[in-house]
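Student: Structure: data.csv, CSV, C-alpha atoms (C1' of nucleotides).
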```csv
chain,number,residue,atom,x,y,z
A,1,MET,CA,60.2,-108.5,15.5
A,2,PRO,CA,61.4,-107.5,12.1
A,3,GLU,CA,64.9,-108.7,11.6
A,4,LEU,CA,66.1,-110.3,8.4
A,5,PRO,CA,64.0,-113.5,8.5
A,6,GLU,CA,60.8,-111.6,9.3
A,7,VAL,CA,61.4,-109.0,6.6
A,8,GLU,CA,62.1,-111.8,4.1
A,9,ASN,CA,58.7,-113.2,4.9
A,10,TYR,CA,57.1,-109.8,4.6
A,11,ARG,CA,58.7,-109.6,1.1
A,12,ARG,CA,57.1,-112.9,0.2
A,13,ARG,CA,53.8,-111.8,1.6
A,14,PHE,CA,54.1,-108.6,-0.4
A,15,GLU,CA,54.6,-110.5,-3.6
A,16,SER,CA,51.6,-112.8,-3.0
A,17,CYS,CA,49.4,-110.0,-2.0
A,18,ALA,CA,50.4,-107.1,-4.2
A,19,LEU,CA,52.3,-108.2,-7.3
A,20,ARG,CA,50.7,-107.4,-10.7
A,21,ARG,CA,47.6,-105.9,-9.2
A,22,ARG,CA,46.5,-102.4,-10.4
A,23,ILE,CA,46.8,-99.9,-7.6
A,24,ALA,CA,43.7,-97.8,-7.1
A,25,GLY,CA,45.2,-95.4,-4.5
A,26,VAL,CA,47.2,-95.1,-1.3
A,27,GLU,CA,46.5,-93.6,2.1
A,28,VAL,CA,48.8,-92.3,4.8
A,29,THR,CA,47.2,-92.5,8.2
A,30,ASP,CA,50.2,-91.2,10.2
A,31,ALA,CA,52.6,-89.0,8.4
A,32,ARG,CA,55.3,-89.6,11.0
A,33,ILE,CA,56.3,-92.8,9.2
A,34,LEU,CA,57.1,-91.0,6.0
A,35,HIS,CA,60.8,-91.2,4.9
A,36,GLU,CA,61.7,-88.2,2.8
A,37,THR,CA,58.4,-88.2,1.0
A,38,THR,CA,54.8,-87.0,1.2
A,39,GLU,CA,51.4,-88.7,0.8
A,40,ARG,CA,51.0,-86.8,-2.4
A,41,ALA,CA,54.3,-88.1,-3.9
A,42,LEU,CA,53.4,-91.7,-2.9
A,43,ARG,CA,50.0,-91.3,-4.6
A,44,GLU,CA,51.5,-89.9,-7.7
A,45,GLY,CA,54.2,-92.5,-7.9
A,46,LEU,CA,51.9,-95.5,-7.2
A,47,ALA,CA,48.2,-94.8,-8.2
A,48,GLY,CA,47.4,-96.5,-11.5
A,49,ALA,CA,50.6,-98.5,-11.5
A,50,ARG,CA,51.4,-102.1,-10.5
A,51,PHE,CA,54.2,-103.6,-8.4
A,52,VAL,CA,56.3,-105.8,-10.6
A,53,SER,CA,59.2,-107.0,-8.4
A,54,THR,CA,60.5,-106.8,-4.8
A,55,ARG,CA,64.0,-106.7,-3.2
A,56,ARG,CA,65.3,-107.0,0.3
A,57,HIS,CA,68.5,-105.8,1.7
A,58,GLY,CA,68.9,-106.6,5.4
A,59,LYS,CA,65.8,-105.3,7.1
A,60,HIS,CA,64.9,-103.0,4.2
A,61,LEU,CA,62.3,-103.9,1.7
A,62,PHE,CA,61.8,-102.4,-1.8
A,63,ALA,CA,59.0,-102.9,-4.3
A,64,GLU,CA,59.3,-101.7,-7.9
A,65,ALA,CA,56.3,-100.2,-9.6
A,66,THR,CA,55.6,-99.9,-13.3
A,67,SER,CA,55.9,-96.2,-12.9
A,68,GLY,CA,59.6,-96.7,-12.3
A,69,ALA,CA,59.4,-95.7,-8.6
A,70,TRP,CA,60.3,-98.0,-5.8
A,71,LEU,CA,58.3,-98.2,-2.7
A,72,TYR,CA,60.5,-98.4,0.4
A,73,LEU,CA,59.5,-100.1,3.6
A,74,HIS,CA,61.3,-100.4,6.9
A,75,PHE,CA,59.6,-102.0,9.8
A,76,GLY,CA,61.3,-100.5,12.8
A,77,MET,CA,60.4,-102.3,16.0
A,78,THR,CA,56.8,-103.2,15.6
A,79,GLY,CA,56.2,-103.0,11.9
A,80,ASP,CA,54.2,-105.6,10.0
A,81,LEU,CA,52.6,-106.2,6.6
A,82,TYR,CA,49.0,-107.1,6.5
A,83,CYS,CA,47.0,-108.3,3.5
A,84,GLY,CA,43.3,-108.4,3.8
A,85,ALA,CA,40.0,-106.6,3.3
A,86,ASP,CA,40.2,-104.0,6.1
A,87,PRO,CA,43.1,-102.0,7.5
A,88,PRO,CA,44.3,-103.4,10.9
A,89,ARG,CA,44.3,-101.3,14.1
A,90,PHE,CA,47.8,-99.8,13.8
A,91,SER,CA,47.7,-99.3,10.1
A,92,ARG,CA,49.8,-96.3,9.0
A,93,PHE,CA,49.9,-96.7,5.3
A,94,VAL,CA,47.5,-98.5,3.0
A,95,VAL,CA,47.7,-99.5,-0.7
A,96,ARG,CA,44.3,-100.2,-2.2
A,97,PHE,CA,44.0,-102.3,-5.3
A,98,VAL,CA,41.4,-102.1,-8.0
A,99,LYS,CA,40.7,-105.8,-7.5
A,100,GLY,CA,41.7,-107.9,-4.6
A,101,GLU,CA,42.6,-107.1,-1.0
A,102,LEU,CA,44.5,-104.1,0.3
A,103,LEU,CA,48.0,-104.1,1.6
A,104,ALA,CA,48.6,-102.3,4.9
A,105,PHE,CA,51.8,-101.3,6.7
A,106,GLU,CA,51.1,-101.5,10.4
A,107,ASP,CA,53.4,-100.1,13.1
A,108,MET,CA,52.2,-99.5,16.6
A,109,ARG,CA,55.4,-97.7,17.8
A,110,LEU,CA,56.1,-95.6,14.7
A,111,PHE,CA,59.7,-96.5,14.3
A,112,GLY,CA,59.1,-97.8,10.8
A,113,ARG,CA,59.4,-95.9,7.6
A,114,VAL,CA,57.7,-95.7,4.2
A,115,GLY,CA,59.3,-93.9,1.3
A,116,LEU,CA,59.7,-93.6,-2.4
A,117,LEU,CA,63.0,-94.2,-4.1
A,118,SER,CA,64.3,-94.0,-7.6
A,119,ASP,CA,66.8,-96.8,-7.0
A,120,PRO,CA,67.4,-99.2,-4.1
A,121,ASP,CA,71.1,-99.6,-4.9
A,122,SER,CA,71.9,-96.0,-4.3
A,123,PHE,CA,69.8,-96.1,-1.1
A,124,VAL,CA,71.9,-99.0,0.2
A,125,ALA,CA,75.1,-97.1,-0.7
A,126,ARG,CA,73.9,-93.9,0.8
A,127,LYS,CA,72.9,-95.6,4.0
A,128,ARG,CA,76.3,-97.4,4.1
A,129,LEU,CA,74.6,-100.7,4.7
A,130,GLY,CA,76.8,-103.8,4.9
A,131,LEU,CA,76.3,-106.9,2.9
A,132,ASP,CA,73.2,-109.0,3.4
A,133,PRO,CA,74.2,-112.3,5.0
A,134,LEU,CA,72.2,-114.3,2.5
A,135,ASP,CA,73.7,-112.6,-0.4
A,136,GLU,CA,75.5,-115.2,-2.6
A,137,SER,CA,78.6,-113.2,-2.7
A,138,PHE,CA,78.9,-113.1,1.0
A,139,GLY,CA,81.2,-115.9,2.0
A,140,ARG,CA,83.4,-116.7,4.9
A,141,THR,CA,86.2,-114.6,3.5
A,142,ARG,CA,84.1,-111.5,3.1
A,143,PHE,CA,82.9,-112.1,6.7
A,144,GLU,CA,86.4,-112.2,7.9
A,145,GLU,CA,87.2,-109.0,6.1
A,146,ARG,CA,84.3,-107.3,7.8
A,147,LEU,CA,85.6,-108.2,11.2
A,148,THR,CA,89.2,-107.1,10.8
A,149,ARG,CA,90.2,-103.9,12.5
A,150,ARG,CA,87.0,-103.9,14.5
A,151,ARG,CA,86.8,-103.7,18.3
A,152,GLY,CA,84.1,-104.1,20.9
A,153,SER,CA,81.7,-106.9,21.8
A,154,ILE,CA,80.9,-109.4,19.1
A,155,LYS,CA,77.2,-108.8,19.8
A,156,ALA,CA,77.4,-105.0,19.1
A,157,LEU,CA,79.4,-105.8,15.9
A,158,LEU,CA,76.8,-108.3,14.6
A,159,MET,CA,74.1,-105.8,15.2
A,160,ASN,CA,75.9,-103.0,13.4
A,161,GLN,CA,74.1,-102.6,10.1
A,162,ALA,CA,77.2,-101.1,8.4
A,163,VAL,CA,79.0,-104.4,9.0
A,164,ILE,CA,76.3,-106.9,8.2
A,165,ALA,CA,72.8,-105.8,7.2
A,166,GLY,CA,69.9,-107.6,8.7
A,167,LEU,CA,70.7,-109.0,12.2
A,168,GLY,CA,69.0,-107.6,15.3
A,169,ASN,CA,68.9,-108.3,18.9
A,170,LEU,CA,67.1,-111.7,18.9
A,171,TRP,CA,68.9,-113.4,16.1
A,172,VAL,CA,72.3,-112.2,17.2
A,173,ASP,CA,71.6,-113.8,20.6
A,174,GLU,CA,70.6,-117.0,18.8
A,175,ILE,CA,73.6,-117.1,16.5
A,176,LEU,CA,76.0,-116.6,19.5
A,177,PHE,CA,74.1,-119.1,21.6
A,178,GLN,CA,74.3,-121.8,18.9
A,179,SER,CA,78.0,-121.0,18.2
A,180,GLY,CA,78.9,-121.2,21.8
A,181,ILE,CA,80.4,-117.7,21.9
A,182,ASP,CA,80.0,-115.3,24.8
A,183,PRO,CA,78.1,-112.2,23.5
A,184,ARG,CA,80.5,-110.0,25.5
A,185,ALA,CA,83.6,-111.5,23.8
A,186,ARG,CA,85.8,-108.9,22.2
A,187,VAL,CA,85.9,-109.1,18.4
A,188,GLU,CA,89.6,-108.5,18.2
A,189,ARG,CA,90.2,-111.5,20.4
A,190,LEU,CA,88.0,-114.0,18.5
A,191,SER,CA,89.9,-117.0,17.0
A,192,GLY,CA,89.6,-118.0,13.4
A,193,PRO,CA,87.5,-121.1,14.2
A,194,SER,CA,85.2,-119.0,16.4
A,195,ARG,CA,84.6,-116.6,13.6
A,196,ARG,CA,83.9,-119.4,11.3
A,197,ARG,CA,81.4,-121.0,13.7
A,198,ILE,CA,79.6,-117.7,13.9
A,199,PHE,CA,79.4,-117.3,10.1
A,200,ASP,CA,78.2,-120.9,9.6
A,201,ALA,CA,75.6,-120.5,12.4
A,202,MET,CA,74.4,-117.2,11.0
A,203,ARG,CA,73.7,-118.7,7.6
A,204,ARG,CA,72.1,-121.9,9.0
A,205,ILE,CA,69.9,-120.1,11.5
A,206,LEU,CA,68.7,-117.4,9.2
A,207,ARG,CA,67.7,-120.0,6.6
A,208,LEU,CA,65.9,-122.1,9.1
A,209,ALA,CA,64.2,-119.2,10.7
A,210,ILE,CA,62.8,-118.0,7.3
A,211,ALA,CA,61.5,-121.5,6.5
A,212,ARG,CA,59.9,-122.0,9.9
A,213,GLN,CA,58.2,-118.6,9.9
A,214,GLU,CA,57.0,-119.1,6.4
A,215,SER,CA,55.2,-122.3,7.4
A,216,ASP,CA,54.2,-120.8,10.7
A,217,ARG,CA,56.2,-123.3,12.8
A,218,PRO,CA,58.3,-122.4,15.8
A,219,MET,CA,62.1,-122.9,15.9
A,220,PRO,CA,63.2,-126.3,17.4
A,221,PRO,CA,62.9,-126.5,21.2
A,222,HIS,CA,66.7,-126.3,21.8
A,223,TYR,CA,66.9,-122.8,20.3
A,224,LEU,CA,67.3,-119.8,22.6
A,225,ILE,CA,64.6,-117.9,20.9
A,226,GLU,CA,62.0,-120.3,22.3
A,227,ASN,CA,63.5,-120.0,25.8
A,228,ARG,CA,64.3,-116.4,26.6
A,229,THR,CA,63.7,-116.7,30.3
A,230,ALA,CA,66.2,-115.8,33.0
A,231,GLY,CA,67.2,-118.7,35.2
A,232,ALA,CA,65.8,-121.4,32.9
A,233,ALA,CA,67.9,-124.5,32.2
A,234,CYS,CA,70.0,-124.0,29.1
A,235,PRO,CA,68.1,-125.8,26.3
A,236,ARG,CA,71.3,-126.6,24.5
A,237,CYS,CA,73.8,-127.9,27.0
A,238,GLY,CA,71.5,-128.5,30.0
A,239,ALA,CA,74.3,-127.6,32.4
A,240,GLY,CA,73.8,-123.8,32.7
A,241,ASN,CA,71.0,-121.5,33.6
A,242,LEU,CA,70.2,-118.8,31.2
A,243,ARG,CA,71.3,-115.3,32.2
A,244,ARG,CA,69.7,-112.1,31.3
A,245,THR,CA,71.8,-109.0,31.1
A,246,VAL,CA,72.4,-105.8,29.0
A,247,ILE,CA,75.0,-105.8,26.2
A,248,ALA,CA,75.4,-103.0,23.7
A,249,GLY,CA,72.3,-101.4,25.2
A,250,ARG,CA,70.1,-104.4,24.5
A,251,THR,CA,68.5,-107.1,26.6
A,252,THR,CA,70.7,-110.2,26.1
A,253,TYR,CA,70.2,-113.8,27.1
A,254,PHE,CA,73.0,-116.3,27.1
A,255,CYS,CA,74.2,-119.5,28.7
A,256,PRO,CA,77.3,-118.9,31.0
A,257,VAL,CA,78.3,-122.5,30.7
A,258,HIS,CA,78.5,-123.3,27.0
A,259,GLN,CA,79.0,-119.8,25.7
A,260,LEU,CA,82.7,-119.3,26.4
A,261,SER,CA,84.5,-116.0,26.4
A,262,SER,CA,88.2,-116.2,27.2
A,263,ARG,CA,89.2,-118.9,24.8
A,264,ALA,CA,86.6,-118.1,22.2
B,1,DA,C1',87.2,-93.3,12.6
B,2,DC,C1',85.0,-96.0,15.5
B,3,DA,C1',82.4,-97.5,19.7
B,4,DT,C1',78.8,-96.4,23.1
B,5,DT,C1',74.7,-94.1,25.0
B,6,DG,C1',70.3,-91.8,25.2
B,7,DA,C1',66.2,-90.3,22.8
B,8,DC,C1',62.6,-91.2,19.8
B,9,DC,C1',57.3,-93.5,20.2
B,10,DT,C1',53.3,-96.2,21.9
B,11,DG,C1',51.0,-100.0,23.9
B,12,DA,C1',51.1,-104.6,26.4
B,13,DG,C1',51.5,-106.9,30.5
B,14,DA,C1',52.7,-107.3,35.4
B,15,DG,C1',51.9,-106.0,40.0
B,16,DC,C1',49.1,-103.8,43.3
C,1,DT,C1',38.5,-102.7,37.4
C,2,DG,C1',42.0,-99.5,37.0
C,3,DC,C1',46.1,-97.3,38.1
C,4,DT,C1',51.3,-97.2,37.7
C,5,DC,C1',55.5,-99.1,36.3
C,6,DT,C1',58.6,-101.5,33.3
C,7,DC,C1',59.7,-103.3,29.1
C,8,DA,C1',59.9,-103.9,24.0
C,9,DG,C1',63.0,-107.5,18.4
C,10,DG,C1',65.5,-100.5,15.6
C,11,DT,C1',67.9,-96.5,14.4
C,12,DC,C1',70.1,-92.0,14.7
C,13,DA,C1',72.4,-88.0,16.8
C,14,DA,C1',75.4,-86.8,20.2
C,15,DT,C1',79.2,-88.1,23.0
C,16,DG,C1',83.6,-90.3,24.4
```
What would the structure in this file look like if it were written as structure tokens?
Tutor:
Amino acid sequence: MPELPEVENYRRRFESCALRRRIAGVEVTDARILHETTERALREGLAGARFVSTRRHGKHLFAEATSGAWLYLHFGMTGDLYCGADPPRFSRFVVRFVKGELLAFEDMRLFGRVGLLSDPDSFVARKRLGLDPLDESFGRTRFEERLTRRRGSIKALLMNQAVIAGLGNLWVDEILFQSGIDPRARVERLSGPSRRRIFDAMRRILRLAIARQESDRPMPPHYLIENRTAGAACPRCGAGNLRRTVIAGRTTYFCPVHQLSSRA
DNA sequence: ACATTGACCTGAGAGC
DNA sequence: TGCTCTCAGGTCAATG
């Protein structure tokens, strides 16, 4: 699940659960999730401290502690943040507070990561992450720049974290669905108006998704994400039937009628 | 330099 | 009920 909207809501949950509470200790229940750190380093960096701020870049979450260290969380394919009294079933990393509930990083499939950083900015630079699509400095012009001299399918490009940080399989499908662009369309052949439609849809959809998830409401019924079923009538144009295929190695749903390729 | 593919993990859900 | 099979929303190293 965890693409940009999900991670943004994890960030908010992190703040309401963990901010300003004194950390009693931490536990690593599966060391395979550790990113360039050890349980001991996490304990030394966090025990006795408090979290004072959070940041998100794409799908990456950072939390600053009073010790000066930053906790780093990436949620992989099945990661989640849980706030409560007892660790959930697939809990891999737990922060216990002196008062209040504990914060657990759960991740069934172990693709997620937990680390300790001195500075999120240098992490973002080292990882060569692209701009976050909700960053205020990320406008249409910057988006156009990111697309120039790129080739391949628009879907693969939007999922490339070095181009734009935060989009994954589901929300890329949604963005192209709402923009009316065939996910197989070649980037180098996309017209200016098509690129603009993609950028505008990206902003609009991500903001809506964050708000809906925060209040635990589904996306509107004419959104693809509520209708990922092969053969179903297209919930947007009504004329096509949703097709399921593989693009850029990922399962892809699209409407062959309103998502045009050639003239896109 | 850039795009594409397979491997990494584990469990849920479908089908028999 | 229980077995087997397929699939999963991310990333990285290796390949073209």
Student: Please report as a VMD selection string which residues of chain C come no farther than 9 Å from chain A, using only C-alpha atoms (C1' of nucleotides).
Tutor: chain C and resid 8 to 11
Student: Just the residues within 12 Å of DA14 in chain C, please, counting all atoms listed in the file, with nothing from its chain fewer than 4 positions along; format it as a list in words.
Tutor: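 Within the cut-off, the hits are DT4, DT5, DG6 and DA7 of chain B.
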Student: Using all atoms listed in the file, determine which residues lie at most 12 Å from range 140-145 of chain A, disregarding the query and same-chain residues fewer than 3 positions distant; provide the list as a PDB file with C-alpha atoms, in the coordinates of the input.
Tutor:
```pdb
ATOM      1  CA  GLY A 130      76.800-103.800   4.900  1.00  0.00           C
ATOM      2  CA  LEU A 131      76.300-106.900   2.900  1.00  0.00           C
ATOM      3  CA  ASP A 132      73.200-109.000   3.400  1.00  0.00           C
ATOM      4  CA  PRO A 133      74.200-112.300   5.000  1.00  0.00           C
ATOM      5  CA  LEU A 134      72.200-114.300   2.500  1.00  0.00           C
ATOM      6  CA  ASP A 135      73.700-112.600  -0.400  1.00  0.00           C
ATOM      7  CA  GLU A 136      75.500-115.200  -2.600  1.00  0.00           C
ATOM      8  CA  SER A 137      78.600-113.200  -2.700  1.00  0.00           C
ATOM      9  CA  THR A 148      89.200-107.100  10.800  1.00  0.00           C
ATOM     10  CA  ARG A 149      90.200-103.900  12.500  1.00  0.00           C
ATOM     11  CA  ARG A 150      87.000-103.900  14.500  1.00  0.00           C
ATOM     12  CA  LEU A 157      79.400-105.800  15.900  1.00  0.00           C
ATOM     13  CA  LEU A 158      76.800-108.300  14.600  1.00  0.00           C
ATOM     14  CA  VAL A 163      79.000-104.400   9.000  1.00  0.00           C
ATOM     15  CA  ILE A 164      76.300-106.900   8.200  1.00  0.00           C
ATOM     16  CA  ALA A 165      72.800-105.800   7.200  1.00  0.00           C
ATOM     17  CA  VAL A 187      85.900-109.100  18.400  1.00  0.00           C
ATOM     18  CA  GLU A 188      89.600-108.500  18.200  1.00  0.00           C
ATOM     19  CA  LEU A 190      88.000-114.000  18.500  1.00  0.00           C
ATOM     20  CA  SER A 191      89.900-117.000  17.000  1.00  0.00           C
ATOM     21  CA  GLY A 192      89.600-118.000  13.400  1.00  0.00           C
ATOM     22  CA  PRO A 193      87.500-121.100  14.200  1.00  0.00           C
ATOM     23  CA  SER A 194      85.200-119.000  16.400  1.00  0.00           C
ATOM     24  CA  ARG A 195      84.600-116.600  13.600  1.00  0.00           C
ATOM     25  CA  ARG A 196      83.900-119.400  11.300  1.00  0.00           C
ATOM     26  CA  ARG A 197      81.400-121.000  13.700  1.00  0.00           C
ATOM     27  CA  ILE A 198      79.600-117.700  13.900  1.00  0.00           C
ATOM     28  CA  PHE A 199      79.400-117.300  10.100  1.00  0.00           C
ATOM     29  CA  ASP A 200      78.200-120.900   9.600  1.00  0.00           C
ATOM     30  CA  ALA A 201      75.600-120.500  12.400  1.00  0.00           C
ATOM     31  CA  MET A 202      74.400-117.200  11.000  1.00  0.00           C
ATOM     32  CA  ARG A 203      73.700-118.700   7.600  1.00  0.00           C
TER      33      ARG A 203
END
```
Student: So, with all atoms listed in the file as the atoms that count, which of A:Gly249, A:Gly115, A:Gly240, A:Pro256 lies closest to Leu34 in chain A?
Tutor: A:Gly115
Student: Quick check: residues of chain B within 9 Å of chain A, all atoms listed in the file, returned as a ChimeraX atom specification.
Tutor: /B:2-5,8-11
Student: How many Å separate CA of Leu260 in chain A from CA of Gly180 in chain A?
Tutor: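 CA of Gly180 in chain A lies at a distance of 6.3 Å from CA of Leu260 in chain A.
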Student: Counting all atoms listed in the file, figure out which residue out of A:Trp70, A:Tyr223, A:Tyr253, A:Phe93 gets nearest to Arg32 in chain A.
Tutor: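 So, comparing all the options, the nearest one is A:Phe93.
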Student: If I take CA of Ala18 in chain A and CA of Ala47 in chain A, how far is one from the other in Å, to one decimal?
Tutor: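 If I compute the distance from CA of Ala18 in chain A to CA of Ala47 in chain A, I get 13.1 Å.
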Student: When distances are computed from all atoms listed in the file, which of A:Arg12, A:Arg244, A:His35, A:Arg228 shows the smallest separation from Phe123 in chain A?
Tutor: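 Checking each candidate against Phe123 in chain A, we get A:His35 as the closest.
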Student: Hey, can you pull every residue with an atom no more than 12 Å from (73.0, -122.3, 40.7), using only C-alpha atoms (C1' of nucleotides), and send it as a ChimeraX atom specification?
Tutor: /A:231-233,239-243,256-257
Student: Rounded to one decimal in Å, what is the spacing between C1' of DT4 in chain C and C1' of DG13 in chain B?
Tutor: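 Taking C1' of DT4 in chain C and C1' of DG13 in chain B, their separation equals 12.1 Å.
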Student: For Arg92 in chain A, please output as an MDAnalysis selection string all residues within 6 Å (counting all atoms listed in the file; exclusion window: fewer than 3 positions along the same chain).
Tutor: chainID A and resid 28:30 105:106
